[in-house]
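Trainee: There's a structure below that I have some questions on.
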Amino acid sequence: ERRQMIGMRSQPVERRDLAVTVRASGRVAYDPDLYNALSEYREAVIAREKVKESSYPDVHERSEALVRASILRLRQMGLSEDQIETTGKSDQSLNLLLGGAGGSVWVYAQIYEYEIGLVKSGQHVEMTTPAYPGRKFHGTIKAVDPILSAETRSLKVRVEVPNPEGLLKLEMYVNASIQVELGLKLAIPEEAVLETGERSVAFVDLGEGRIEPREVNVGQEADGYYVLLSGVKEGEKV
């Protein structure tokens with residue numbers, strides 16, 4: 001009777017398909033430093049090809065050293081190995097930084113430190129911008145920077161976005177949304193978990209008026225639930 005008066009209810013812990021939406025602010029890329037680094041890499045690759053048939057070992061060593069140094073710089077700027085290799089074969093990446101020649105632009109979106117484990121290359125990104133109310137743009141994550149900003153505790157995500165109409169202009173601001181599917185996970189309702197400061201506790205309904213507190217270990221929060229790692233078994237009511 002007391003439980004009914006205070007509105008207490010219970011729900012079984014079960015497996016659910018969970019998803020998280022990561023929201024981030026971003027801008028259409030204008031990145032002269034990256035443009036210069038890509039250009040230097042292209043030139044180093046071309047120079048290496050020109051001396052490929054040289055009989056002087058030191059010539060080969062110098063050309064390889066230039067290519068390695070260019071690759072290292074691009075890796076530090078967040079490009080993946082596949083992107084770097086592609087850059088050496090075409091002008092696509094350079095075109096993206098020039099405002100969309102070829103029908104695409106790069107968008108840089110900032111994700112926070114606690115979201116790093118959710119975002120990766122290949123994910124779909126939906127974007128809106130105040131410049132075109134109601135219009136949605138879609139892109140694909142191509143790389144996530146390896147270095148965290150000490151000031152903002154965030155990482156830069158590089159998104160390639162088709163821009164055939166040229167609507168997205170350099171330095172234009174956008175709002176990005178990344179839908180992350182977590183898959184089928186053992187889930188506990190968010191409202192059933194009490195944070196004490198040092199630990200998380202859930203109350204298990206044992207039936208016949210008995211309630212048992214349990215320390216639980218939870219993971220990602222999604223759709224009003226936490227991913228349950230330990231503490232309560234599947235099927236038990238909390």
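Residue numbers start at 1 in each chain; chains themselves are named A, B, ... in the order of the structure tokens; ligands are numbered from 1 in the order shown.
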Can you tell me which residues surround A:Ala24 at a distance of at most 6 Å, considering only C-alpha atoms, apart from same-chain residues fewer than 5 positions away, and format the answer as a PDB file with N, CA and C atoms, in the first residue's frame?
Mentor:
```pdb
ATOM      1  N   GLN A 110      33.041  19.371 -33.634  1.00  0.00           N
ATOM      2  CA  GLN A 110      33.729  19.175 -32.368  1.00  0.00           C
ATOM      3  C   GLN A 110      32.915  18.253 -31.459  1.00  0.00           C
ATOM      4  N   ILE A 111      33.519  17.128 -31.044  1.00  0.00           N
ATOM      5  CA  ILE A 111      32.870  16.240 -30.087  1.00  0.00           C
ATOM      6  C   ILE A 111      33.650  16.293 -28.779  1.00  0.00           C
ATOM      7  N   ALA A 176      25.532  19.485 -36.241  1.00  0.00           N
ATOM      8  CA  ALA A 176      25.688  18.100 -36.685  1.00  0.00           C
ATOM      9  C   ALA A 176      25.042  17.137 -35.703  1.00  0.00           C
TER      10      ALA A 176
END
```
Trainee: Might you pull out every residue within 12 Å of A:Ser80, with only C-alpha atoms counted and same-chain residues fewer than 6 positions away left off, and present them as a list in words?
Mentor: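 With the cut-off at 12 Å, the set is Ile71, Leu72, Arg73, Leu74, Thr86, Thr87, Lys120, Ser121, Gly122, Ile141, Lys142, Ala143, Val144, Asp145, Pro146, Val157 and Arg158 of chain A.
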Trainee: For the selection just defined, write its residues with N, CA and C atoms to a file, as a PDB file, in the first residue's frame.
Mentor:
```pdb
ATOM      1  N   ILE A  71      53.923  12.427 -44.177  1.00  0.00           N
ATOM      2  CA  ILE A  71      52.901  11.516 -43.650  1.00  0.00           C
ATOM      3  C   ILE A  71      52.708  11.742 -42.161  1.00  0.00           C
ATOM      4  N   LEU A  72      53.816  11.883 -41.432  1.00  0.00           N
ATOM      5  CA  LEU A  72      53.739  12.104 -39.986  1.00  0.00           C
ATOM      6  C   LEU A  72      52.964  13.383 -39.678  1.00  0.00           C
ATOM      7  N   ARG A  73      53.228  14.434 -40.420  1.00  0.00           N
ATOM      8  CA  ARG A  73      52.523  15.698 -40.190  1.00  0.00           C
ATOM      9  C   ARG A  73      51.023  15.547 -40.433  1.00  0.00           C
ATOM     10  N   LEU A  74      50.673  14.833 -41.507  1.00  0.00           N
ATOM     11  CA  LEU A  74      49.249  14.634 -41.814  1.00  0.00           C
ATOM     12  C   LEU A  74      48.574  13.749 -40.771  1.00  0.00           C
ATOM     13  N   THR A  86      45.145   8.157 -50.515  1.00  0.00           N
ATOM     14  CA  THR A  86      44.278   8.680 -51.573  1.00  0.00           C
ATOM     15  C   THR A  86      44.752  10.045 -52.042  1.00  0.00           C
ATOM     16  N   THR A  87      45.222  10.860 -51.102  1.00  0.00           N
ATOM     17  CA  THR A  87      45.700  12.197 -51.436  1.00  0.00           C
ATOM     18  C   THR A  87      46.869  12.145 -52.408  1.00  0.00           C
ATOM     19  N   LYS A 120      33.311   7.288 -34.810  1.00  0.00           N
ATOM     20  CA  LYS A 120      34.397   6.692 -35.586  1.00  0.00           C
ATOM     21  C   LYS A 120      34.172   6.922 -37.072  1.00  0.00           C
ATOM     22  N   SER A 121      35.191   6.645 -37.855  1.00  0.00           N
ATOM     23  CA  SER A 121      35.117   6.827 -39.308  1.00  0.00           C
ATOM     24  C   SER A 121      34.031   5.934 -39.901  1.00  0.00           C
ATOM     25  N   GLY A 122      33.380   6.454 -40.936  1.00  0.00           N
ATOM     26  CA  GLY A 122      32.354   5.691 -41.630  1.00  0.00           C
ATOM     27  C   GLY A 122      30.938   5.974 -41.180  1.00  0.00           C
ATOM     28  N   ILE A 141      31.686  10.536 -41.845  1.00  0.00           N
ATOM     29  CA  ILE A 141      32.916  10.808 -41.101  1.00  0.00           C
ATOM     30  C   ILE A 141      34.080  10.111 -41.789  1.00  0.00           C
ATOM     31  N   LYS A 142      35.113  10.890 -42.098  1.00  0.00           N
ATOM     32  CA  LYS A 142      36.295  10.343 -42.757  1.00  0.00           C
ATOM     33  C   LYS A 142      37.463  10.164 -41.795  1.00  0.00           C
ATOM     34  N   ALA A 143      37.516  10.973 -40.733  1.00  0.00           N
ATOM     35  CA  ALA A 143      38.623  10.859 -39.780  1.00  0.00           C
ATOM     36  C   ALA A 143      38.273  11.563 -38.484  1.00  0.00           C
ATOM     37  N   VAL A 144      38.871  11.089 -37.392  1.00  0.00           N
ATOM     38  CA  VAL A 144      38.754  11.720 -36.081  1.00  0.00           C
ATOM     39  C   VAL A 144      40.160  12.078 -35.633  1.00  0.00           C
ATOM     40  N   ASP A 145      40.380  13.344 -35.291  1.00  0.00           N
ATOM     41  CA  ASP A 145      41.723  13.786 -34.903  1.00  0.00           C
ATOM     42  C   ASP A 145      42.242  12.965 -33.724  1.00  0.00           C
ATOM     43  N   PRO A 146      43.548  12.663 -33.691  1.00  0.00           N
ATOM     44  CA  PRO A 146      44.119  11.874 -32.604  1.00  0.00           C
ATOM     45  C   PRO A 146      44.496  12.698 -31.374  1.00  0.00           C
ATOM     46  N   VAL A 157      36.262  16.226 -35.611  1.00  0.00           N
ATOM     47  CA  VAL A 157      35.822  15.161 -36.509  1.00  0.00           C
ATOM     48  C   VAL A 157      35.713  15.740 -37.916  1.00  0.00           C
ATOM     49  N   ARG A 158      36.297  15.061 -38.888  1.00  0.00           N
ATOM     50  CA  ARG A 158      36.278  15.543 -40.268  1.00  0.00           C
ATOM     51  C   ARG A 158      35.206  14.786 -41.054  1.00  0.00           C
TER      52      ARG A 158
END
```
Trainee: If you run DSSP on this backbone, which residues of stretch 93-228 of chain A come out as strand (DSSP E), and could you give them as an NGL selection string?
Mentor: :A and (104-112 or 124-128 or 137-144 or 154-162 or 173-189 or 194-195 or 200-207 or 210-222 or 225-228)
Trainee: Skip stretch 219-222 of chain A itself and residues of its chain fewer than 4 positions away, then list as a list in words all residues within 10 Å of it, counting only C-alpha atoms.
Mentor: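 The filter keeps Asp17, Leu18, Ala19, Val20, Thr21, Tyr114, Glu115, Gly117, Leu118, Val180, Glu181, Leu182, Ala187, Ile188, Pro189, Glu190, Tyr226, Val227, Leu228, Leu229 and Ser230 of chain A.
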Trainee: Name all residues at most 6 Å from stretch 25-39 of chain A (count only C-alpha atoms; drop same-chain ones fewer than 4 positions away) and give them as a PDB file with N, CA, C and O atoms, in the first residue's frame.
Mentor:
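Result file is selection_35.pdb:
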```
ATOM      1  N   LEU A  97      39.114  21.360 -49.643  1.00  0.00           N
ATOM      2  CA  LEU A  97      39.534  22.502 -48.838  1.00  0.00           C
ATOM      3  C   LEU A  97      39.453  23.814 -49.613  1.00  0.00           C
ATOM      4  O   LEU A  97      39.625  24.883 -49.029  1.00  0.00           O
ATOM      5  N   TRP A 106      34.472  19.663 -46.814  1.00  0.00           N
ATOM      6  CA  TRP A 106      34.757  19.076 -45.514  1.00  0.00           C
ATOM      7  C   TRP A 106      34.102  19.938 -44.441  1.00  0.00           C
ATOM      8  O   TRP A 106      34.173  21.168 -44.484  1.00  0.00           O
ATOM      9  N   VAL A 107      33.473  19.278 -43.487  1.00  0.00           N
ATOM     10  CA  VAL A 107      32.935  19.948 -42.310  1.00  0.00           C
ATOM     11  C   VAL A 107      33.706  19.451 -41.090  1.00  0.00           C
ATOM     12  O   VAL A 107      33.921  18.251 -40.932  1.00  0.00           O
ATOM     13  N   TYR A 108      34.147  20.389 -40.244  1.00  0.00           N
ATOM     14  CA  TYR A 108      34.827  20.048 -38.995  1.00  0.00           C
ATOM     15  C   TYR A 108      33.813  20.186 -37.860  1.00  0.00           C
ATOM     16  O   TYR A 108      33.285  21.267 -37.613  1.00  0.00           O
ATOM     17  N   ALA A 109      33.555  19.084 -37.167  1.00  0.00           N
ATOM     18  CA  ALA A 109      32.641  19.088 -36.023  1.00  0.00           C
ATOM     19  C   ALA A 109      33.419  18.761 -34.759  1.00  0.00           C
ATOM     20  O   ALA A 109      34.368  17.965 -34.793  1.00  0.00           O
ATOM     21  N   LEU A 170      32.471  28.240 -47.309  1.00  0.00           N
ATOM     22  CA  LEU A 170      33.595  28.144 -46.378  1.00  0.00           C
ATOM     23  C   LEU A 170      33.316  28.934 -45.111  1.00  0.00           C
ATOM     24  O   LEU A 170      32.832  30.065 -45.165  1.00  0.00           O
ATOM     25  N   GLU A 171      33.605  28.300 -43.956  1.00  0.00           N
ATOM     26  CA  GLU A 171      33.444  28.892 -42.622  1.00  0.00           C
ATOM     27  C   GLU A 171      31.983  29.019 -42.180  1.00  0.00           C
ATOM     28  O   GLU A 171      31.696  29.618 -41.146  1.00  0.00           O
ATOM     29  N   MET A 172      31.051  28.467 -42.949  1.00  0.00           N
ATOM     30  CA  MET A 172      29.645  28.484 -42.534  1.00  0.00           C
ATOM     31  C   MET A 172      29.460  27.544 -41.344  1.00  0.00           C
ATOM     32  O   MET A 172      30.031  26.454 -41.295  1.00  0.00           O
ATOM     33  N   TYR A 173      28.650  27.951 -40.356  1.00  0.00           N
ATOM     34  CA  TYR A 173      28.400  27.118 -39.180  1.00  0.00           C
ATOM     35  C   TYR A 173      27.262  26.141 -39.453  1.00  0.00           C
ATOM     36  O   TYR A 173      26.294  26.474 -40.156  1.00  0.00           O
ATOM     37  N   VAL A 174      27.397  24.934 -38.879  1.00  0.00           N
ATOM     38  CA  VAL A 174      26.363  23.905 -39.011  1.00  0.00           C
ATOM     39  C   VAL A 174      26.150  23.229 -37.661  1.00  0.00           C
ATOM     40  O   VAL A 174      27.010  23.291 -36.775  1.00  0.00           O
ATOM     41  N   ASN A 175      24.998  22.597 -37.513  1.00  0.00           N
ATOM     42  CA  ASN A 175      24.704  21.755 -36.360  1.00  0.00           C
ATOM     43  C   ASN A 175      24.680  20.313 -36.841  1.00  0.00           C
ATOM     44  O   ASN A 175      23.907  19.961 -37.742  1.00  0.00           O
ATOM     45  N   ALA A 176      25.532  19.485 -36.241  1.00  0.00           N
ATOM     46  CA  ALA A 176      25.688  18.100 -36.685  1.00  0.00           C
ATOM     47  C   ALA A 176      25.042  17.137 -35.703  1.00  0.00           C
ATOM     48  O   ALA A 176      25.042  17.362 -34.487  1.00  0.00           O
TER      49      ALA A 176
END
```
Trainee: Extract, using only C-alpha atoms, all DNA, RNA and protein residues at most 7 Å from A:Val125, discarding same-chain residues fewer than 3 positions from it, and format them as a list in words.
Mentor: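 My reading of the contact set: His138, Gly139, Thr140, Ala176, Ser177 and Ile178 of chain A.
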Trainee: Go ahead and save the residues from that selection, with C-alpha atoms, as an mmCIF file, in the first residue's frame.
Mentor:
```
data_model
loop_
_atom_site.group_PDB
_atom_site.id
_atom_site.type_symbol
_atom_site.label_atom_id
_atom_site.label_comp_id
_atom_site.auth_asym_id
_atom_site.auth_seq_id
_atom_site.Cartn_x
_atom_site.Cartn_y
_atom_site.Cartn_z
ATOM 1 C CA HIS A 138 24.223 14.490 -45.074
ATOM 2 C CA GLY A 139 27.844 13.432 -44.830
ATOM 3 C CA THR A 140 30.218 10.666 -43.774
ATOM 4 C CA ALA A 176 25.688 18.100 -36.685
ATOM 5 C CA SER A 177 23.863 15.007 -35.444
ATOM 6 C CA ILE A 178 25.513 11.564 -35.344
#
```
